[in-house]
$ cat model_16.tsv   # TSV, C-alpha atoms
chain	number	residue	atom	x	y	z
A	1	MET	CA	213.72	-102.63	116.62
A	2	PHE	CA	217.47	-102.97	116.41
A	3	SER	CA	220.04	-103.68	119.06
A	4	SER	CA	223.61	-103.31	117.83
A	5	MET	CA	223.74	-107.09	117.29
A	6	ARG	CA	220.39	-107.13	115.50
A	7	LEU	CA	221.58	-104.22	113.36
A	8	ASP	CA	224.68	-106.17	112.29
A	9	LEU	CA	222.54	-109.21	111.45
A	10	TRP	CA	220.16	-107.01	109.49
A	11	LEU	CA	222.99	-105.60	107.34
A	12	ILE	CA	224.41	-109.10	106.79
A	13	ALA	CA	220.96	-110.25	105.67
A	14	ILE	CA	220.85	-107.47	103.09
A	15	ALA	CA	224.27	-108.42	101.75
A	16	THR	CA	223.45	-112.13	101.67
A	17	ALA	CA	220.24	-111.52	99.74
A	18	CYS	CA	222.20	-109.61	97.12
A	19	LEU	CA	225.20	-111.92	96.68
A	20	PRO	CA	226.48	-111.71	93.10
A	21	LEU	CA	226.88	-114.72	90.86
A	22	ARG	CA	230.39	-113.77	89.76
A	23	ALA	CA	233.23	-112.16	91.67
A	24	GLN	CA	233.69	-109.36	89.14
A	25	GLU	CA	230.11	-108.21	89.78
A	26	ASP	CA	230.64	-107.37	93.45
A	27	PHE	CA	229.77	-103.74	92.69
A	28	VAL	CA	226.18	-104.98	92.26
A	29	LEU	CA	226.21	-106.05	95.89
A	30	ARG	CA	227.07	-102.56	97.03
A	31	SER	CA	224.54	-101.00	94.69
A	32	ASP	CA	221.68	-103.25	95.82
A	33	ALA	CA	222.48	-103.08	99.52
A	34	ALA	CA	222.62	-99.30	99.28
A	35	GLN	CA	218.88	-99.19	98.58
A	36	ALA	CA	218.07	-100.12	102.21
A	37	THR	CA	216.91	-97.38	104.57
A	38	VAL	CA	216.18	-97.27	108.29
A	39	ASN	CA	214.01	-95.07	110.48
A	40	VAL	CA	216.02	-92.69	112.65
A	41	SER	CA	215.04	-90.10	115.24
A	42	VAL	CA	217.20	-87.06	116.02
A	43	LEU	CA	216.45	-85.56	119.44
A	44	PRO	CA	217.32	-82.04	120.67
A	45	PHE	CA	220.85	-81.52	121.98
A	46	GLN	CA	221.30	-80.41	125.55
A	47	GLY	CA	223.05	-77.14	126.45
A	48	THR	CA	222.70	-75.32	123.14
A	49	SER	CA	220.42	-72.63	124.59
A	50	LYS	CA	223.26	-71.45	126.83
A	51	ILE	CA	225.74	-71.01	123.97
A	52	PRO	CA	225.47	-67.63	122.20
A	53	GLU	CA	227.32	-68.99	119.15
A	54	PHE	CA	224.15	-70.90	118.19
A	55	LYS	CA	221.99	-67.75	118.14
A	56	ASP	CA	222.31	-67.30	114.37
A	57	LEU	CA	222.96	-70.95	113.50
A	58	ALA	CA	220.88	-74.05	113.00
A	59	MET	CA	220.93	-76.39	115.99
A	60	PRO	CA	223.00	-79.60	115.66
A	61	GLU	CA	219.83	-81.70	115.55
A	62	GLU	CA	218.47	-79.60	112.67
A	63	VAL	CA	221.65	-80.02	110.62
A	64	LEU	CA	221.73	-83.76	111.35
A	65	ARG	CA	218.11	-84.27	110.33
A	66	ALA	CA	218.73	-82.45	107.05
A	67	ASP	CA	221.94	-84.40	106.38
A	68	LEU	CA	220.45	-87.82	107.09
A	69	ASP	CA	217.29	-87.07	105.13
A	70	PHE	CA	219.32	-85.88	102.12
A	71	SER	CA	221.53	-88.97	102.29
A	72	GLY	CA	218.61	-91.15	101.21
A	73	ARG	CA	219.68	-93.73	103.78
A	74	ALA	CA	217.49	-92.64	106.70
A	75	ARG	CA	213.83	-91.82	107.15
A	76	ILE	CA	213.54	-89.19	109.86
A	77	VAL	CA	210.75	-90.15	112.28
A	78	GLN	CA	210.31	-87.81	115.24
A	79	PRO	CA	208.42	-88.60	118.49
A	80	PRO	CA	205.60	-86.09	119.13
A	81	SER	CA	207.00	-85.26	122.55
A	82	GLY	CA	210.45	-84.44	121.15
A	83	ALA	CA	211.93	-86.64	123.89
A	84	TRP	CA	212.97	-90.26	124.20
A	85	ASP	CA	209.90	-92.47	123.70
A	86	THR	CA	210.63	-96.19	123.58
A	87	ALA	CA	207.02	-97.14	122.84
A	88	PHE	CA	206.89	-94.72	119.90
A	89	PHE	CA	210.21	-96.01	118.58
A	90	ALA	CA	208.95	-99.58	118.71
A	91	GLN	CA	205.65	-98.69	117.03
A	92	LYS	CA	207.38	-96.79	114.19
A	93	ASN	CA	210.25	-99.27	113.77
A	94	VAL	CA	212.85	-96.65	114.64
A	95	ALA	CA	216.24	-98.32	114.51
A	96	ALA	CA	218.49	-95.68	116.02
A	97	VAL	CA	218.41	-92.35	117.81
A	98	VAL	CA	220.88	-89.47	117.46
A	99	THR	CA	221.28	-87.00	120.30
A	100	GLY	CA	224.00	-85.21	122.25
A	101	SER	CA	225.03	-82.10	124.11
A	102	ALA	CA	227.08	-78.94	123.69
A	103	LYS	CA	229.17	-76.80	126.05
A	104	PRO	CA	231.37	-73.70	125.70
A	105	LEU	CA	235.16	-73.93	125.80
A	106	PRO	CA	237.77	-71.25	126.51
A	107	GLY	CA	238.77	-69.08	123.56
A	108	GLY	CA	235.31	-68.92	122.00
A	109	GLU	CA	235.19	-72.56	120.95
A	110	VAL	CA	232.29	-74.95	121.43
A	111	GLU	CA	232.44	-78.66	122.18
A	112	ILE	CA	229.68	-80.89	120.82
A	113	HIS	CA	229.23	-84.46	122.00
A	114	PHE	CA	227.32	-86.70	119.58
A	115	GLU	CA	225.74	-90.09	120.31
A	116	LEU	CA	224.11	-92.74	118.13
A	117	LEU	CA	221.99	-95.07	120.26
A	118	ASP	CA	219.94	-98.22	119.74
A	119	ALA	CA	216.33	-97.03	119.89
A	120	ILE	CA	215.16	-99.87	122.17
A	121	THR	CA	218.11	-100.82	124.37
A	122	ARG	CA	219.85	-97.40	124.42
A	123	ASP	CA	223.13	-99.18	123.69
A	124	LYS	CA	225.68	-96.76	122.24
A	125	LEU	CA	226.43	-97.61	118.63
A	126	SER	CA	228.79	-94.66	118.18
A	127	GLU	CA	229.83	-91.49	120.00
A	128	LYS	CA	232.17	-88.67	119.03
A	129	THR	CA	233.20	-85.37	120.56
A	130	TYR	CA	234.28	-82.50	118.31
A	131	SER	CA	235.17	-78.88	119.01
A	132	GLY	CA	235.41	-75.77	116.88
A	133	LYS	CA	234.62	-72.11	116.48
A	134	LYS	CA	231.34	-70.68	115.24
A	135	LYS	CA	232.27	-71.01	111.57
A	136	ASP	CA	232.96	-74.74	112.08
A	137	LEU	CA	229.86	-75.80	114.01
A	138	ARG	CA	227.74	-76.88	111.03
A	139	ARG	CA	230.64	-78.97	109.74
A	140	LEU	CA	230.93	-80.76	113.07
A	141	SER	CA	227.35	-81.95	112.68
A	142	HIS	CA	228.08	-82.91	109.07
A	143	ARG	CA	230.96	-85.07	110.29
A	144	PHE	CA	228.76	-86.99	112.69
A	145	ALA	CA	226.05	-87.42	110.06
A	146	ASP	CA	228.68	-89.22	108.00
A	147	ASP	CA	229.61	-91.30	111.07
A	148	VAL	CA	225.95	-92.33	111.39
A	149	VAL	CA	225.77	-93.41	107.75
A	150	PHE	CA	228.99	-95.40	108.13
A	151	GLN	CA	227.87	-97.05	111.36
A	152	LEU	CA	224.48	-98.07	109.98
A	153	PHE	CA	225.43	-98.95	106.41
A	154	GLY	CA	229.19	-99.40	106.24
A	155	GLU	CA	229.68	-96.71	103.61
A	156	ARG	CA	230.98	-93.16	103.72
A	157	GLY	CA	228.41	-90.38	103.92
A	158	ILE	CA	228.59	-87.18	101.89
A	159	ALA	CA	227.58	-84.53	104.44
A	160	SER	CA	231.21	-83.41	104.86
A	161	THR	CA	231.84	-83.10	101.13
A	162	ARG	CA	232.34	-79.80	99.31
A	163	ILE	CA	231.25	-78.41	95.96
A	164	ALA	CA	233.60	-76.21	93.95
A	165	TYR	CA	232.15	-73.84	91.39
A	166	VAL	CA	232.82	-70.69	89.36
A	167	ARG	CA	231.45	-67.23	90.20
A	168	GLY	CA	231.75	-64.00	88.28
A	169	GLY	CA	230.83	-62.18	85.12
A	170	GLU	CA	232.58	-61.42	81.86
A	171	GLY	CA	236.27	-60.64	82.31
A	172	ARG	CA	236.65	-62.06	85.82
A	173	LYS	CA	235.70	-65.44	87.21
A	174	GLU	CA	236.93	-66.92	90.49
A	175	ILE	CA	236.73	-70.38	92.01
A	176	TRP	CA	234.58	-70.76	95.13
A	177	THR	CA	233.74	-73.74	97.35
A	178	MET	CA	230.82	-74.48	99.66
A	179	ASP	CA	229.41	-77.27	101.79
A	180	TYR	CA	227.28	-79.80	99.94
A	181	ASP	CA	224.10	-78.10	101.25
A	182	GLY	CA	224.99	-74.59	100.03
A	183	PHE	CA	226.36	-73.20	103.31
A	184	GLY	CA	229.96	-72.26	104.15
A	185	ASN	CA	230.82	-70.40	100.94
A	186	THR	CA	234.55	-69.70	100.63
A	187	GLN	CA	236.44	-67.93	97.86
A	188	TRP	CA	239.31	-70.13	96.64
A	189	THR	CA	241.04	-67.97	94.01
A	190	ARG	CA	241.60	-64.20	94.16
A	191	ASN	CA	243.77	-63.56	91.13
A	192	GLY	CA	241.40	-61.32	89.15
A	193	SER	CA	241.70	-63.51	86.06
A	194	ILE	CA	239.33	-65.93	84.35
A	195	ASN	CA	239.34	-69.25	86.24
A	196	LEU	CA	237.27	-72.11	84.90
A	197	SER	CA	236.36	-75.80	85.19
A	198	PRO	CA	237.40	-76.73	88.75
A	199	VAL	CA	237.85	-80.41	89.56
A	200	TRP	CA	238.88	-82.17	92.78
A	201	ASP	CA	241.75	-84.61	92.42
A	202	ARG	CA	242.27	-87.82	94.35
A	203	ASP	CA	244.28	-86.05	97.08
A	204	GLY	CA	241.64	-83.39	97.80
A	205	ALA	CA	243.39	-80.61	95.88
A	206	LEU	CA	241.60	-78.42	93.35
A	207	VAL	CA	242.69	-78.29	89.72
A	208	TRP	CA	241.33	-75.63	87.39
A	209	SER	CA	242.03	-73.88	84.12
A	210	SER	CA	243.11	-70.24	84.37
A	211	TYR	CA	244.04	-67.43	82.00
A	212	LEU	CA	246.33	-66.01	84.68
A	213	GLY	CA	249.42	-64.46	83.08
A	214	GLY	CA	247.77	-63.70	79.76
A	215	SER	CA	249.32	-66.58	77.82
A	216	GLY	CA	246.17	-68.60	77.32
A	217	ALA	CA	244.47	-71.17	79.54
A	218	HIS	CA	246.69	-73.41	81.67
A	219	LEU	CA	245.95	-75.85	84.48
A	220	TRP	CA	246.74	-74.91	88.05
A	221	ARG	CA	246.62	-77.12	91.14
A	222	GLN	CA	246.33	-76.13	94.80
A	223	GLU	CA	246.02	-78.02	98.06
A	224	ILE	CA	244.35	-76.41	101.05
A	225	GLY	CA	246.82	-74.20	102.88
A	226	ARG	CA	249.38	-74.18	100.06
A	227	LYS	CA	250.15	-71.93	97.12
A	228	PRO	CA	248.86	-72.83	93.65
A	229	SER	CA	251.27	-74.19	91.04
A	230	ARG	CA	251.14	-74.87	87.30
A	231	PHE	CA	250.08	-78.43	86.60
A	232	LEU	CA	251.97	-79.00	83.34
A	233	PRO	CA	254.29	-76.01	82.99
A	234	SER	CA	256.25	-77.44	80.04
A	235	VAL	CA	253.24	-78.33	77.86
A	236	PRO	CA	252.42	-75.81	75.10
A	237	GLY	CA	248.90	-75.02	74.03
A	238	MET	CA	245.72	-74.23	75.94
A	239	GLN	CA	244.84	-76.70	78.70
A	240	ILE	CA	241.15	-77.01	79.57
A	241	SER	CA	238.46	-79.31	81.05
A	242	ALA	CA	240.48	-81.64	83.28
A	243	ALA	CA	239.23	-84.78	85.06
A	244	ALA	CA	240.99	-86.72	87.82
A	245	SER	CA	241.42	-90.50	87.69
A	246	PRO	CA	240.27	-92.36	90.83
A	247	LEU	CA	242.87	-95.05	90.10
A	248	ASP	CA	246.27	-93.37	90.17
A	249	GLY	CA	245.84	-89.59	90.33
A	250	GLU	CA	246.37	-89.01	86.62
A	251	LEU	CA	244.43	-86.22	84.96
A	252	ALA	CA	242.73	-86.44	81.62
A	253	LEU	CA	242.54	-83.06	79.92
A	254	ALA	CA	241.88	-81.34	76.63
A	255	VAL	CA	244.85	-79.56	75.04
A	256	SER	CA	244.56	-77.19	72.10
A	257	LEU	CA	247.53	-77.54	69.74
A	258	ASP	CA	247.90	-76.20	66.19
A	259	GLY	CA	244.21	-75.45	65.88
A	260	GLN	CA	243.13	-78.88	67.16
A	261	THR	CA	241.87	-79.86	70.59
A	262	GLU	CA	242.75	-83.39	71.65
A	263	ILE	CA	242.46	-85.53	74.80
A	264	PHE	CA	245.63	-86.18	76.80
A	265	ARG	CA	246.37	-87.73	80.17
A	266	SER	CA	249.22	-87.00	82.56
A	267	LEU	CA	250.47	-87.07	86.12
A	268	PRO	CA	251.37	-83.69	87.68
A	269	ASN	CA	254.52	-82.33	86.05
A	270	GLY	CA	254.76	-85.51	84.02
A	271	LYS	CA	254.97	-86.16	80.33
A	272	PRO	CA	251.46	-86.05	78.82
A	273	VAL	CA	250.23	-88.95	76.71
A	274	ARG	CA	248.09	-88.07	73.71
A	275	LEU	CA	244.99	-90.26	73.40
A	276	THR	CA	243.05	-88.92	70.40
A	277	TYR	CA	244.13	-88.03	66.86
A	278	SER	CA	241.32	-86.33	65.00
A	279	PRO	CA	240.69	-83.01	63.24
A	280	ALA	CA	237.53	-82.76	65.32
A	281	LEU	CA	237.05	-80.80	68.55
A	282	GLU	CA	237.49	-83.21	71.50
A	283	VAL	CA	236.92	-81.93	75.04
A	284	SER	CA	235.38	-82.63	78.47
A	285	PRO	CA	236.97	-85.98	79.45
A	286	THR	CA	235.58	-87.98	82.39
A	287	TRP	CA	237.01	-91.17	83.93
A	288	SER	CA	235.17	-94.37	84.65
A	289	PRO	CA	235.31	-95.20	88.39
A	290	ASN	CA	237.79	-98.05	87.83
A	291	GLY	CA	240.13	-95.74	85.92
A	292	TYR	CA	240.19	-97.97	82.82
A	293	GLU	CA	238.03	-95.86	80.49
A	294	ILE	CA	237.51	-92.22	79.55
A	295	ALA	CA	234.36	-90.69	78.10
A	296	PHE	CA	234.57	-87.37	76.28
A	297	THR	CA	232.84	-85.07	73.79
A	298	SER	CA	233.75	-85.10	70.09
A	299	ASP	CA	232.16	-83.51	67.03
A	300	ARG	CA	233.93	-85.91	64.65
A	301	THR	CA	230.56	-86.86	63.12
A	302	GLY	CA	229.52	-83.24	62.63
A	303	SER	CA	227.83	-82.49	65.97
A	304	PRO	CA	228.95	-82.90	69.60
A	305	GLN	CA	228.35	-86.45	70.88
A	306	ILE	CA	229.61	-88.54	73.81
A	307	TYR	CA	232.28	-91.14	73.05
A	308	ALA	CA	234.24	-93.53	75.26
A	309	MET	CA	237.65	-95.18	74.95
A	310	ASP	CA	240.16	-97.15	76.98
A	311	ARG	CA	242.69	-95.17	79.01
A	312	GLU	CA	245.26	-95.86	76.28
A	313	GLY	CA	243.03	-94.33	73.60
A	314	SER	CA	241.99	-97.64	72.06
A	315	ASN	CA	238.54	-99.25	71.62
A	316	LEU	CA	236.82	-96.00	70.70
A	317	ARG	CA	233.03	-96.19	70.64
A	318	ARG	CA	230.13	-93.78	70.38
A	319	VAL	CA	227.78	-93.62	73.38
A	320	THR	CA	225.04	-91.14	72.40
A	321	TRP	CA	223.07	-91.41	69.16
A	322	ILE	CA	219.96	-89.34	69.85
A	323	GLY	CA	219.98	-85.55	69.64
A	324	GLY	CA	222.22	-83.16	67.75
A	325	TYR	CA	224.17	-81.75	70.71
A	326	ASN	CA	225.32	-83.92	73.64
A	327	ASP	CA	228.13	-82.69	75.92
A	328	GLN	CA	229.43	-82.38	79.50
A	329	ALA	CA	229.54	-86.09	80.35
A	330	ALA	CA	230.29	-87.31	83.89
A	331	TRP	CA	230.68	-91.02	84.76
A	332	SER	CA	228.84	-92.15	87.89
A	333	PRO	CA	230.84	-93.48	90.88
A	334	MET	CA	229.05	-96.82	90.51
A	335	GLY	CA	230.03	-97.01	86.83
A	336	ASP	CA	226.54	-97.88	85.63
A	337	ARG	CA	225.44	-94.47	84.30
A	338	ILE	CA	226.84	-91.46	82.46
A	339	VAL	CA	225.12	-88.12	83.03
A	340	PHE	CA	225.35	-85.46	80.33
A	341	ALA	CA	223.65	-82.36	78.95
A	342	ARG	CA	221.64	-82.30	75.74
A	343	GLN	CA	220.71	-79.12	73.94
A	344	ALA	CA	217.10	-79.39	72.82
A	345	GLY	CA	215.78	-75.86	72.89
A	346	GLY	CA	217.39	-75.27	76.27
A	347	PHE	CA	219.74	-77.72	77.92
A	348	GLN	CA	218.34	-80.92	79.43
A	349	ILE	CA	220.06	-83.32	81.84
A	350	MET	CA	220.13	-86.92	80.67
A	351	THR	CA	221.66	-90.18	81.87
A	352	ILE	CA	222.59	-93.21	79.81
A	353	SER	CA	224.23	-96.59	80.31
A	354	PRO	CA	227.87	-96.67	79.16
A	355	ASP	CA	226.87	-99.05	76.37
A	356	GLY	CA	224.56	-96.39	74.91
A	357	THR	CA	221.25	-97.92	76.06
A	358	ASP	CA	218.56	-96.98	78.58
A	359	GLU	CA	218.62	-93.22	78.09
A	360	LYS	CA	216.65	-91.24	80.71
A	361	TRP	CA	215.62	-87.60	81.04
A	362	LEU	CA	216.15	-86.00	84.46
A	363	GLY	CA	215.10	-82.38	83.96
A	364	VAL	CA	216.14	-78.94	82.80
A	365	GLY	CA	219.77	-78.03	83.45
A	366	GLU	CA	223.37	-78.40	82.33
A	367	GLN	CA	226.95	-78.99	83.56
A	368	PRO	CA	225.97	-82.02	85.69
A	369	LYS	CA	228.32	-83.77	88.12
A	370	TRP	CA	227.78	-86.72	90.48
A	371	SER	CA	227.98	-86.77	94.25
A	372	PRO	CA	230.69	-89.17	95.50
A	373	ASP	CA	228.09	-91.76	96.54
A	374	GLY	CA	226.30	-91.62	93.17
A	375	ARG	CA	222.96	-90.79	94.78
A	376	HIS	CA	222.78	-87.14	93.74
A	377	ILE	CA	223.70	-84.79	90.91
A	378	VAL	CA	224.74	-81.15	91.09
A	379	PHE	CA	224.06	-79.00	88.04
A	380	ILE	CA	223.26	-75.46	86.95
A	381	ARG	CA	219.91	-74.13	85.89
A	382	ARG	CA	219.56	-70.88	83.94
A	383	ASN	CA	216.83	-68.27	84.23
A	384	GLY	CA	217.45	-65.66	81.56
A	385	THR	CA	220.95	-64.32	82.17
A	386	ARG	CA	221.09	-65.80	85.68
A	387	SER	CA	222.56	-69.20	86.52
A	388	ASP	CA	222.55	-71.00	89.86
A	389	LEU	CA	223.54	-74.36	91.30
A	390	TRP	CA	220.96	-77.03	92.03
A	391	THR	CA	221.02	-80.62	93.20
A	392	CYS	CA	218.64	-83.50	92.51
A	393	ASN	CA	218.47	-87.20	93.20
A	394	ALA	CA	220.05	-89.54	90.67
A	395	ASP	CA	216.63	-90.10	89.07
A	396	GLY	CA	215.97	-86.35	88.75
A	397	SER	CA	213.59	-86.12	91.71
A	398	SER	CA	213.75	-83.63	94.61
A	399	PRO	CA	215.48	-80.70	92.85
A	400	ARG	CA	216.87	-78.17	95.32
A	401	GLN	CA	218.45	-74.77	94.68
A	402	LEU	CA	221.81	-74.16	96.39
A	403	THR	CA	222.90	-70.69	95.24
A	404	PHE	CA	220.99	-67.48	94.66
A	405	TYR	CA	223.71	-65.21	93.25
A	406	GLY	CA	222.78	-65.58	89.58
A	407	ASP	CA	226.41	-66.06	88.47
A	408	ALA	CA	227.31	-69.59	89.65
A	409	THR	CA	228.44	-72.17	87.06
A	410	GLN	CA	230.63	-75.25	86.51
A	411	PRO	CA	230.11	-77.22	89.75
A	412	ALA	CA	232.36	-80.09	90.86
A	413	TRP	CA	231.59	-82.34	93.86
A	414	SER	CA	234.52	-83.39	96.03
A	415	ARG	CA	235.31	-87.06	96.59

$ encode --input "model_16.tsv" --output "structure tokens"
Amino acid sequence: MFSSMRLDLWLIAIATACLPLRAQEDFVLRSDAAQATVNVSVLPFQGTSKIPEFKDLAMPEEVLRADLDFSGRARIVQPPSGAWDTAFFAQKNVAAVVTGSAKPLPGGEVEIHFELLDAITRDKLSEKTYSGKKKDLRRLSHRFADDVVFQLFGERGIASTRIAYVRGGEGRKEIWTMDYDGFGNTQWTRNGSINLSPVWDRDGALVWSSYLGGSGAHLWRQEIGRKPSRFLPSVPGMQISAAASPLDGELALAVSLDGQTEIFRSLPNGKPVRLTYSPALEVSPTWSPNGYEIAFTSDRTGSPQIYAMDREGSNLRRVTWIGGYNDQAAWSPMGDRIVFARQAGGFQIMTISPDGTDEKWLGVGEQPKWSPDGRHIVFIRRNGTRSDLWTCNADGSSPRQLTFYGDATQPAWSR
């Protein structure tokens, strides 16, 4: 039973119980506090039956339940009557209730009013009103799901995030994006070329490698509503597998020069800084969340393995030691794990601590990337010649298929 004041005290109690011993370990506080969950009920929204736009869409309450359940922060507990039931809420320790209403607007738009209420006192903890056309209605519910997570836990939710990925067969591959739950698919590129390895930068733009123009692979960058542009137009050589720094917007990338592929970093249209000097193949860089380190793949010991180094290229160390083929590393937003793919028969998804210890197997798949809250992983799973996007929890549990086209690869979760 939580009033808004009791809810604040409850969150403070969580933080106090997890206080770190040293200031530099304050990320542990966030990690520990993030394990808390609360019981939440989501009641039907009023007025939706009178709005034809909802005929072929999920109701707002259905989208919200799915979002909050996927977040891992809320346990969805529904009253049998489907209506407000204070006694039931008290019995089941329901902390908060989400409900609202919808009404039509001129021009074919719909207005949805969302409310987050204390389950016992009915005090309003948050309320928002959004409007949009039919294609936007799911995203309006996603936005409020993120508001609920922020109100209850003080951290940003991921329901409004997007996943970029590659679709297409041999000779033509385009970049697409979709909502985190697999809905709202949108084609991003339409250039008829081979477009690969999308990544979201710190400003919400997409960067990818394209063979557009026939002069080899080069990086392109595009913000929503603007035309794409070459990322490093003056740099010779093939530019592949970029990764965006969360610290200052720099990109780490692999550049193929004179038969060698090395790791560089650069700001857009800036002068690239070379970080590795080796006759080996070195690709797939990924930044640590503080922007101080870069992990990457190198076959300098004879087979692909994961290595890490400082952002200046110093303090090189090997991370993976087991298995003959480890690739596709991605550093977790919390900084405590690196996910990667290991070829052992088929590809397997693994995680490991950055110091090379505590290796864990998550399941079958490859090309893994983290969600921005570090609670989930998106990856691809192959079935013969088909490949589709899946998600799972950070421990490999609750796998869920997102696409069913058979030609989806190289996912990247937005920030």

$ atom_distance --input "model_16.tsv" --atom1 "atom CA of Ser241 of chain A" --atom2 "atom CA of Ser397 of chain A"
27.9 Å

$ closest_residue --input "model_16.tsv" --among "A:Val235, A:Ala308, A:Ser197, A:Leu267" --to "Glu282 of chain A" --atoms "all atoms listed in the file"
A:Ala308

$ closest_residue --input "model_16.tsv" --among "A:Pro236, A:Pro79, A:Pro60, A:Gly365" --to "Val40 of chain A" --atoms "all atoms listed in the file"
A:Pro79

$ atom_distance --input "model_16.tsv" --atom1 "atom CA of Thr129 of chain A" --atom2 "atom CA of Glu62 of chain A"
17.7 Å

$ residues_near_point --input "model_16.tsv" --point "(242.5, -82.5, 73.4)" --cutoff "7 Å" --atoms "all atoms listed in the file" --output "ChimeraX atom specification"
/A:253-256,261-264,282-283

$ write_last_selection --input "model_16.tsv" --atoms "C-alpha atoms" --output "compact mmCIF listing (two decimals), in the frame of the given file"
# COMPACT_ATOMS: atom_id res chain seq x y z
CA LEU A 253 242.54 -83.06 79.92
CA ALA A 254 241.88 -81.34 76.63
CA VAL A 255 244.85 -79.56 75.04
CA SER A 256 244.56 -77.19 72.10
CA THR A 261 241.87 -79.86 70.59
CA GLU A 262 242.75 -83.39 71.65
CA ILE A 263 242.46 -85.53 74.80
CA PHE A 264 245.63 -86.18 76.80
CA GLU A 282 237.49 -83.21 71.50
CA VAL A 283 236.92 -81.93 75.04

$ residues_around --input "model_16.tsv" --residues "Arg221 of chain A" --least-positions-apart "5" --cutoff "8 Å" --atoms "all atoms listed in the file" --output "PyMOL selection string"
chain A and resi 205-208+228-231

$ closest_residue --input "model_16.tsv" --among "A:Asp327, A:Asp67, A:Asp203, A:Asp181" --to "Ile349 of chain A" --atoms "all atoms listed in the file"
A:Asp327

$ atom_distance --input "model_16.tsv" --atom1 "atom CA of Thr391 of chain A" --atom2 "atom CA of Arg138 of chain A"
19.4 Å

$ closest_residue --input "model_16.tsv" --among "A:Ile120, A:Ile112, A:Ala90, A:Leu196" --to "Gly47 of chain A" --atoms "all atoms listed in the file"
A:Ile112

$ residues_around --input "model_16.tsv" --residues "Arg143 of chain A" --least-positions-apart "2" --cutoff "9 Å" --atoms "all atoms listed in the file" --output "PyMOL selection string"
chain A and resi 138-141+145-148+157-160

$ residues_around --input "model_16.tsv" --residues "Lys173 of chain A" --least-positions-apart "6" --cutoff "10 Å" --atoms "all atoms listed in the file" --output "list in words"
Val166, Arg167, Thr189, Arg190, Asn191, Gly192, Ser193, Ile194, Asn195, Leu196, Ser210, Asp407, Ala408 and Thr409 of chain A

$ closest_residue --input "model_16.tsv" --among "A:Lys360, A:Arg65, A:Arg122, A:Arg342" --to "Gln78 of chain A" --atoms "all atoms listed in the file"
A:Arg65
